[in-house]
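Q: My questions will all concern the structure given below.
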Amino acid sequence: MTKKHTLFLLLFTACLGLGATGLLQSCETKAEKGKSEHAAATAAEGAAAVKRLPFGKLKNGTEAYLYTLTNKHNTQATFTDYGGRLVSLQVPDKNGKMTDVVAGMSGVAAYASNTDAYFGATIGRYGNRIANGKFTLDGKEYTLSVNNGANTLHGGKKGFQKVMWEAQQPDARSVVFQYLAKDMEEGFPGNLHVKVTYTLTDENELRMDYEATTDKPTVVNLTNHAYFNLNGEGSGDILGHRLQINADTYTPVDATLIPTGKLAPVAGTPFDFRKPTPIGASIETENEQLTNGKGYDHNYVLNKEKSTGMTRAASVTGDKSGIVMDVYTLEPGLQFYSGNFMKGKNTFKGGSKDDYRTAFCLETQHFPDSPNQPSFPSTVLKPGETYRTSTVYKFAVQK
Ligand code: BGC
């Protein structure tokens, strides 16, 4: 190891001791560090003192900011307005040690130059894939920005992940991001006004409430693309995490990850997570669907427990930390992605690389390619209607 490397490592180790908010700031100037500590303390005291902190600049000079939510357990969630994005989430592990369970980057420039633009971002206008970047609505065919082979993924080349959102932080518990996606932006019809409210409750829940309105008929499918490692960012692969998904069926895909339109039972397949099962238990099994996804990259059709309100979608436990994350949602589907395209090309805020399968995503959603699949629940939004959906990630430790 060269002296330079040792210095870098020492710096990051020092940063690590400070926790995510401290970390992000301490890697800037001393003055910023002072500000950061002050903000963290004052944010906990109340609304009047809520402050945003600098998170660096984009190439075009636009400044991004960090917004921190804190609850009475000192759980901390940090967001940036670039992509309306979750940057870090510090929750206590089974020994009470604060652990950052969300993979993120150290500044806005790192997010902008990442090979994967989606880390922690709000995804839209259409989460997951639309086949061949085309769909027909009210007899008119629309051609979208294509960014995943022949398909459109997560809203197109720019999507919602590479734009600045207008942010407001009304109090220490919530942050509100708003974005106006223009008519025909990425090829989608209608001026779409989107609002996402993130709230951190004293029950250690991170709540996401989405709203959208349009002035022309369009399609909408919003989600958050947090990459989780419940043992902590950069603590190795996620194959030992135990996952339970409340779904009897899933939507099989072709080799380009477009649903075939069928619902397939999970019973007797590597897709059966109805009981808590290590993610790695069957991931290397010979199976056409696992080959198509290069691992798990599939939409689960959630079992509806009751006719109204949120469904308990999934539960995951970090095998080393004992941290449990329960997912609740109003959405009918859940994309389970086991980090198969992670290639160690990007550096996380703690200094580690985004290595193969070192994080997983559980993206609540309508089913992929719904605009072309008449049998799937509709994603059409019309003028005069309001799109509303909610998802909760709730944290606890295994008893
Ligand atoms: C998709 C993956 C994709 C990943 C990008 C997931 O939602 O299903 O195929 O590689 O997002 O981060």
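Residues in the structure tokens are numbered from 1 in each chain, the chains being A, B, ... in the order shown, and ligands are numbered from 1 in the order shown.
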Could you list, as an MDAnalysis selection string, all the residues within 9 Å of ligand 1, counting only C-alpha atoms and all ligand atoms?
A: chainID A and resid 116:119 127:129 148 153:154 225 227 257 293 296:299 335:342 361:363 368
Q: Neighbours of segment 193-198 of chain A within 8 Å (only C-alpha atoms; same-chain residues fewer than 3 positions away dropped), as JSON, numbers by chain?
A: {"A": [174, 175, 176, 177, 178, 179, 180, 181, 206, 207, 208, 209, 210, 211, 212, 213, 214]}
Q: Next, dump the selected residues to file, keeping only all heavy atoms, as a tab-separated table (two decimals), in the first residue's frame.
A:
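Saved the output as again-v8.tsv:
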chain	number	residue	atom	x	y	z
A	174	SER	N	-39.38	15.63	8.55
A	174	SER	CA	-39.78	15.39	7.16
A	174	SER	C	-39.11	16.33	6.17
A	174	SER	O	-38.70	17.45	6.52
A	174	SER	CB	-41.30	15.46	7.02
A	174	SER	OG	-41.75	16.69	7.51
A	175	VAL	N	-38.99	15.82	4.95
A	175	VAL	CA	-38.49	16.63	3.85
A	175	VAL	C	-39.40	16.37	2.65
A	175	VAL	O	-39.87	15.25	2.45
A	175	VAL	CB	-37.00	16.33	3.55
A	175	VAL	CG1	-36.76	14.88	3.17
A	175	VAL	CG2	-36.44	17.24	2.47
A	176	VAL	N	-39.69	17.45	1.91
A	176	VAL	CA	-40.61	17.35	0.77
A	176	VAL	C	-39.84	17.72	-0.50
A	176	VAL	O	-39.19	18.76	-0.54
A	176	VAL	CB	-41.80	18.34	0.95
A	176	VAL	CG1	-42.79	18.20	-0.21
A	176	VAL	CG2	-42.49	18.12	2.28
A	177	PHE	N	-39.90	16.84	-1.50
A	177	PHE	CA	-39.25	17.12	-2.79
A	177	PHE	C	-40.33	17.26	-3.86
A	177	PHE	O	-41.27	16.45	-3.90
A	177	PHE	CB	-38.32	15.97	-3.20
A	177	PHE	CG	-37.10	15.86	-2.33
A	177	PHE	CD1	-36.94	14.79	-1.46
A	177	PHE	CD2	-36.10	16.81	-2.38
A	177	PHE	CE1	-35.81	14.67	-0.66
A	177	PHE	CE2	-34.96	16.71	-1.58
A	177	PHE	CZ	-34.82	15.63	-0.73
A	178	GLN	N	-40.18	18.28	-4.73
A	178	GLN	CA	-41.15	18.46	-5.81
A	178	GLN	C	-40.42	18.62	-7.13
A	178	GLN	O	-39.33	19.21	-7.18
A	178	GLN	CB	-42.01	19.68	-5.55
A	178	GLN	CG	-42.82	19.51	-4.28
A	178	GLN	CD	-43.91	20.54	-4.15
A	178	GLN	OE1	-44.87	20.53	-4.92
A	178	GLN	NE2	-43.75	21.43	-3.20
A	179	TYR	N	-41.05	18.10	-8.20
A	179	TYR	CA	-40.44	18.20	-9.52
A	179	TYR	C	-41.54	18.29	-10.56
A	179	TYR	O	-42.55	17.58	-10.46
A	179	TYR	CB	-39.56	16.96	-9.79
A	179	TYR	CG	-38.92	16.99	-11.15
A	179	TYR	CD1	-37.98	17.96	-11.48
A	179	TYR	CD2	-39.28	16.06	-12.13
A	179	TYR	CE1	-37.41	18.01	-12.74
A	179	TYR	CE2	-38.70	16.09	-13.40
A	179	TYR	CZ	-37.78	17.08	-13.69
A	179	TYR	OH	-37.22	17.13	-14.93
A	180	LEU	N	-41.33	19.17	-11.54
A	180	LEU	CA	-42.27	19.27	-12.64
A	180	LEU	C	-41.63	18.62	-13.87
A	180	LEU	O	-40.66	19.15	-14.42
A	180	LEU	CB	-42.62	20.73	-12.93
A	180	LEU	CG	-43.53	20.93	-14.15
A	180	LEU	CD1	-44.93	20.37	-13.90
A	180	LEU	CD2	-43.61	22.41	-14.53
A	181	ALA	N	-42.13	17.44	-14.26
A	181	ALA	CA	-41.65	16.79	-15.47
A	181	ALA	C	-42.47	17.34	-16.62
A	181	ALA	O	-43.70	17.21	-16.64
A	181	ALA	CB	-41.81	15.28	-15.36
A	206	LEU	N	-39.26	4.87	8.05
A	206	LEU	CA	-39.06	5.87	7.01
A	206	LEU	C	-40.25	5.74	6.07
A	206	LEU	O	-40.44	4.71	5.43
A	206	LEU	CB	-37.75	5.62	6.25
A	206	LEU	CG	-37.47	6.63	5.15
A	206	LEU	CD1	-37.34	8.04	5.71
A	206	LEU	CD2	-36.20	6.25	4.40
A	207	ARG	N	-41.06	6.81	6.05
A	207	ARG	CA	-42.31	6.78	5.30
A	207	ARG	C	-42.16	7.59	4.04
A	207	ARG	O	-41.58	8.68	4.06
A	207	ARG	CB	-43.39	7.38	6.20
A	207	ARG	CG	-44.77	7.05	5.80
A	207	ARG	CD	-45.84	7.80	6.57
A	207	ARG	NE	-46.94	7.87	5.65
A	207	ARG	CZ	-47.95	7.01	5.61
A	207	ARG	NH1	-48.04	6.09	6.53
A	207	ARG	NH2	-48.86	7.10	4.68
A	208	MET	N	-42.69	7.08	2.93
A	208	MET	CA	-42.60	7.80	1.65
A	208	MET	C	-44.01	7.97	1.11
A	208	MET	O	-44.68	6.97	0.85
A	208	MET	CB	-41.78	6.99	0.65
A	208	MET	CG	-40.46	6.57	1.26
A	208	MET	SD	-39.53	5.51	0.18
A	208	MET	CE	-38.14	5.21	1.24
A	209	ASP	N	-44.44	9.21	0.98
A	209	ASP	CA	-45.77	9.51	0.44
A	209	ASP	C	-45.60	10.25	-0.89
A	209	ASP	O	-44.97	11.30	-0.94
A	209	ASP	CB	-46.56	10.36	1.43
A	209	ASP	CG	-46.87	9.60	2.70
A	209	ASP	OD1	-47.60	8.59	2.63
A	209	ASP	OD2	-46.34	9.99	3.77
A	210	TYR	N	-46.17	9.67	-1.94
A	210	TYR	CA	-46.03	10.21	-3.29
A	210	TYR	C	-47.36	10.79	-3.77
A	210	TYR	O	-48.41	10.21	-3.49
A	210	TYR	CB	-45.65	9.11	-4.28
A	210	TYR	CG	-44.35	8.39	-3.99
A	210	TYR	CD1	-44.31	7.33	-3.08
A	210	TYR	CD2	-43.19	8.74	-4.66
A	210	TYR	CE1	-43.12	6.65	-2.85
A	210	TYR	CE2	-42.00	8.06	-4.42
A	210	TYR	CZ	-41.97	7.02	-3.52
A	210	TYR	OH	-40.81	6.35	-3.28
A	211	GLU	N	-47.27	11.90	-4.52
A	211	GLU	CA	-48.46	12.49	-5.16
A	211	GLU	C	-48.08	12.96	-6.54
A	211	GLU	O	-46.95	13.43	-6.73
A	211	GLU	CB	-48.88	13.72	-4.37
A	211	GLU	CG	-49.98	13.46	-3.37
A	211	GLU	CD	-50.37	14.75	-2.65
A	211	GLU	OE1	-50.51	15.80	-3.32
A	211	GLU	OE2	-50.49	14.67	-1.43
A	212	ALA	N	-49.00	12.85	-7.50
A	212	ALA	CA	-48.71	13.40	-8.84
A	212	ALA	C	-50.01	13.79	-9.52
A	212	ALA	O	-51.04	13.14	-9.33
A	212	ALA	CB	-47.97	12.37	-9.68
A	213	THR	N	-49.93	14.86	-10.30
A	213	THR	CA	-51.07	15.28	-11.14
A	213	THR	C	-50.54	15.59	-12.53
A	213	THR	O	-49.37	15.93	-12.70
A	213	THR	CB	-51.75	16.54	-10.56
A	213	THR	OG1	-50.75	17.54	-10.34
A	213	THR	CG2	-52.49	16.26	-9.27
A	214	THR	N	-51.44	15.50	-13.51
A	214	THR	CA	-51.03	15.70	-14.91
A	214	THR	C	-52.04	16.58	-15.65
A	214	THR	O	-53.20	16.68	-15.20
A	214	THR	CB	-50.90	14.33	-15.64
A	214	THR	OG1	-50.45	14.55	-16.97
A	214	THR	CG2	-52.22	13.57	-15.68
Q: Assign secondary structure with DSSP using the backbone only, and return the residues of segment 238-375 of chain A in alpha helix (DSSP H) as a PyMOL selection string.
A: chain A and resi 288-293
Q: Filtering to N, CA and C atoms, could you give me those residues as an mmCIF file, in the first residue's frame?
A:
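New file out_35.cif:
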data_model
loop_
_atom_site.group_PDB
_atom_site.id
_atom_site.type_symbol
_atom_site.label_atom_id
_atom_site.label_comp_id
_atom_site.auth_asym_id
_atom_site.auth_seq_id
_atom_site.Cartn_x
_atom_site.Cartn_y
_atom_site.Cartn_z
ATOM 1 N N GLU A 288 -34.036 -20.871 -15.609
ATOM 2 C CA GLU A 288 -34.095 -19.920 -16.727
ATOM 3 C C GLU A 288 -34.341 -18.486 -16.253
ATOM 4 N N GLN A 289 -35.225 -18.341 -15.268
ATOM 5 C CA GLN A 289 -35.539 -16.991 -14.769
ATOM 6 C C GLN A 289 -34.347 -16.355 -14.064
ATOM 7 N N LEU A 290 -33.594 -17.153 -13.311
ATOM 8 C CA LEU A 290 -32.393 -16.618 -12.655
ATOM 9 C C LEU A 290 -31.340 -16.261 -13.701
ATOM 10 N N THR A 291 -31.311 -17.020 -14.802
ATOM 11 C CA THR A 291 -30.386 -16.696 -15.895
ATOM 12 C C THR A 291 -30.805 -15.372 -16.528
ATOM 13 N N ASN A 292 -32.100 -15.218 -16.806
ATOM 14 C CA ASN A 292 -32.579 -13.974 -17.422
ATOM 15 C C ASN A 292 -32.282 -12.756 -16.550
ATOM 16 N N GLY A 293 -32.458 -12.914 -15.228
ATOM 17 C CA GLY A 293 -32.251 -11.783 -14.310
ATOM 18 C C GLY A 293 -30.799 -11.656 -13.879
#
Q: Interatomic distance between atom CA of Tyr328 of chain A and atom CA of Gly240 of chain A?
A: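 Separation of atom CA of Tyr328 of chain A and atom CA of Gly240 of chain A: 22.3 Å.
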Q: Using only C-alpha atoms, which residue out of A:Asp100, A:Ala281, A:Asp254, A:Gln90 lies closest to Lys294 of chain A?
A: A:Asp254
Q: Rank nothing, just name the residue among A:Asn287, A:Thr256, A:Gln168, A:Thr308 nearest to Gly268 of chain A, using only C-alpha atoms.
A: A:Asn287
Q: Nearest to Gly133 of chain A: which of A:Asp369, A:Met310, A:Asp215, A:Lys162 is it, counting only C-alpha atoms?
A: A:Asp369
Q: Any chance you could list, as a PyMOL selection string, the residues in segment 111-221 of chain A that come up strand (DSSP E) when DSSP is run on the backbone?
A: chain A and resi 122-123+129-130+134-137+140-143+152-153+166-171+174-181+192-200+205-214+218-219
Q: Just to be explicit: take each residue in the selection above, keep C-alpha atoms, and write the result as a PDB file, in the first residue's frame.
A:
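Generated file (selection_21.pdb):
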ATOM      1  CA  THR A 122     -36.796   8.809  -6.531  1.00  0.00           C
ATOM      2  CA  ILE A 123     -37.607   6.919  -9.731  1.00  0.00           C
ATOM      3  CA  ARG A 129     -38.898  -1.197 -17.876  1.00  0.00           C
ATOM      4  CA  ILE A 130     -41.165  -0.309 -20.789  1.00  0.00           C
ATOM      5  CA  LYS A 134     -42.968   2.484 -26.738  1.00  0.00           C
ATOM      6  CA  PHE A 135     -46.553   2.444 -25.534  1.00  0.00           C
ATOM      7  CA  THR A 136     -49.946   3.452 -26.883  1.00  0.00           C
ATOM      8  CA  LEU A 137     -52.423   5.545 -24.924  1.00  0.00           C
ATOM      9  CA  LYS A 140     -51.614   7.452 -29.867  1.00  0.00           C
ATOM     10  CA  GLU A 141     -48.183   5.799 -29.846  1.00  0.00           C
ATOM     11  CA  TYR A 142     -45.465   7.415 -27.720  1.00  0.00           C
ATOM     12  CA  THR A 143     -41.730   6.829 -28.222  1.00  0.00           C
ATOM     13  CA  THR A 152     -36.700   2.221 -21.345  1.00  0.00           C
ATOM     14  CA  LEU A 153     -35.540   1.729 -17.740  1.00  0.00           C
ATOM     15  CA  GLU A 166     -37.149  21.595  -5.213  1.00  0.00           C
ATOM     16  CA  ALA A 167     -36.771  20.776  -1.523  1.00  0.00           C
ATOM     17  CA  GLN A 168     -38.514  22.002   1.601  1.00  0.00           C
ATOM     18  CA  GLN A 169     -37.901  20.791   5.107  1.00  0.00           C
ATOM     19  CA  PRO A 170     -40.880  21.830   7.242  1.00  0.00           C
ATOM     20  CA  ASP A 171     -39.480  20.206  10.402  1.00  0.00           C
ATOM     21  CA  SER A 174     -39.781  15.393   7.163  1.00  0.00           C
ATOM     22  CA  VAL A 175     -38.485  16.630   3.849  1.00  0.00           C
ATOM     23  CA  VAL A 176     -40.610  17.350   0.773  1.00  0.00           C
ATOM     24  CA  PHE A 177     -39.250  17.120  -2.787  1.00  0.00           C
ATOM     25  CA  GLN A 178     -41.151  18.459  -5.811  1.00  0.00           C
ATOM     26  CA  TYR A 179     -40.435  18.197  -9.515  1.00  0.00           C
ATOM     27  CA  LEU A 180     -42.270  19.266 -12.643  1.00  0.00           C
ATOM     28  CA  ALA A 181     -41.646  16.785 -15.475  1.00  0.00           C
ATOM     29  CA  LEU A 192     -46.521  15.919 -14.460  1.00  0.00           C
ATOM     30  CA  HIS A 193     -46.228  17.611 -11.090  1.00  0.00           C
ATOM     31  CA  VAL A 194     -44.651  15.182  -8.600  1.00  0.00           C
ATOM     32  CA  LYS A 195     -44.373  15.550  -4.843  1.00  0.00           C
ATOM     33  CA  VAL A 196     -42.601  13.086  -2.519  1.00  0.00           C
ATOM     34  CA  THR A 197     -42.697  13.497   1.258  1.00  0.00           C
ATOM     35  CA  TYR A 198     -40.181  11.513   3.323  1.00  0.00           C
ATOM     36  CA  THR A 199     -40.972  11.263   7.045  1.00  0.00           C
ATOM     37  CA  LEU A 200     -38.917   9.652   9.799  1.00  0.00           C
ATOM     38  CA  GLU A 205     -40.167   4.102  10.155  1.00  0.00           C
ATOM     39  CA  LEU A 206     -39.061   5.870   7.007  1.00  0.00           C
ATOM     40  CA  ARG A 207     -42.309   6.778   5.305  1.00  0.00           C
ATOM     41  CA  MET A 208     -42.600   7.795   1.654  1.00  0.00           C
ATOM     42  CA  ASP A 209     -45.766   9.510   0.441  1.00  0.00           C
ATOM     43  CA  TYR A 210     -46.026  10.215  -3.287  1.00  0.00           C
ATOM     44  CA  GLU A 211     -48.458  12.489  -5.156  1.00  0.00           C
ATOM     45  CA  ALA A 212     -48.711  13.396  -8.835  1.00  0.00           C
ATOM     46  CA  THR A 213     -51.067  15.282 -11.136  1.00  0.00           C
ATOM     47  CA  THR A 214     -51.030  15.703 -14.913  1.00  0.00           C
ATOM     48  CA  THR A 218     -50.062   9.740 -19.057  1.00  0.00           C
ATOM     49  CA  VAL A 219     -48.551   6.740 -17.260  1.00  0.00           C
TER      50      VAL A 219
END
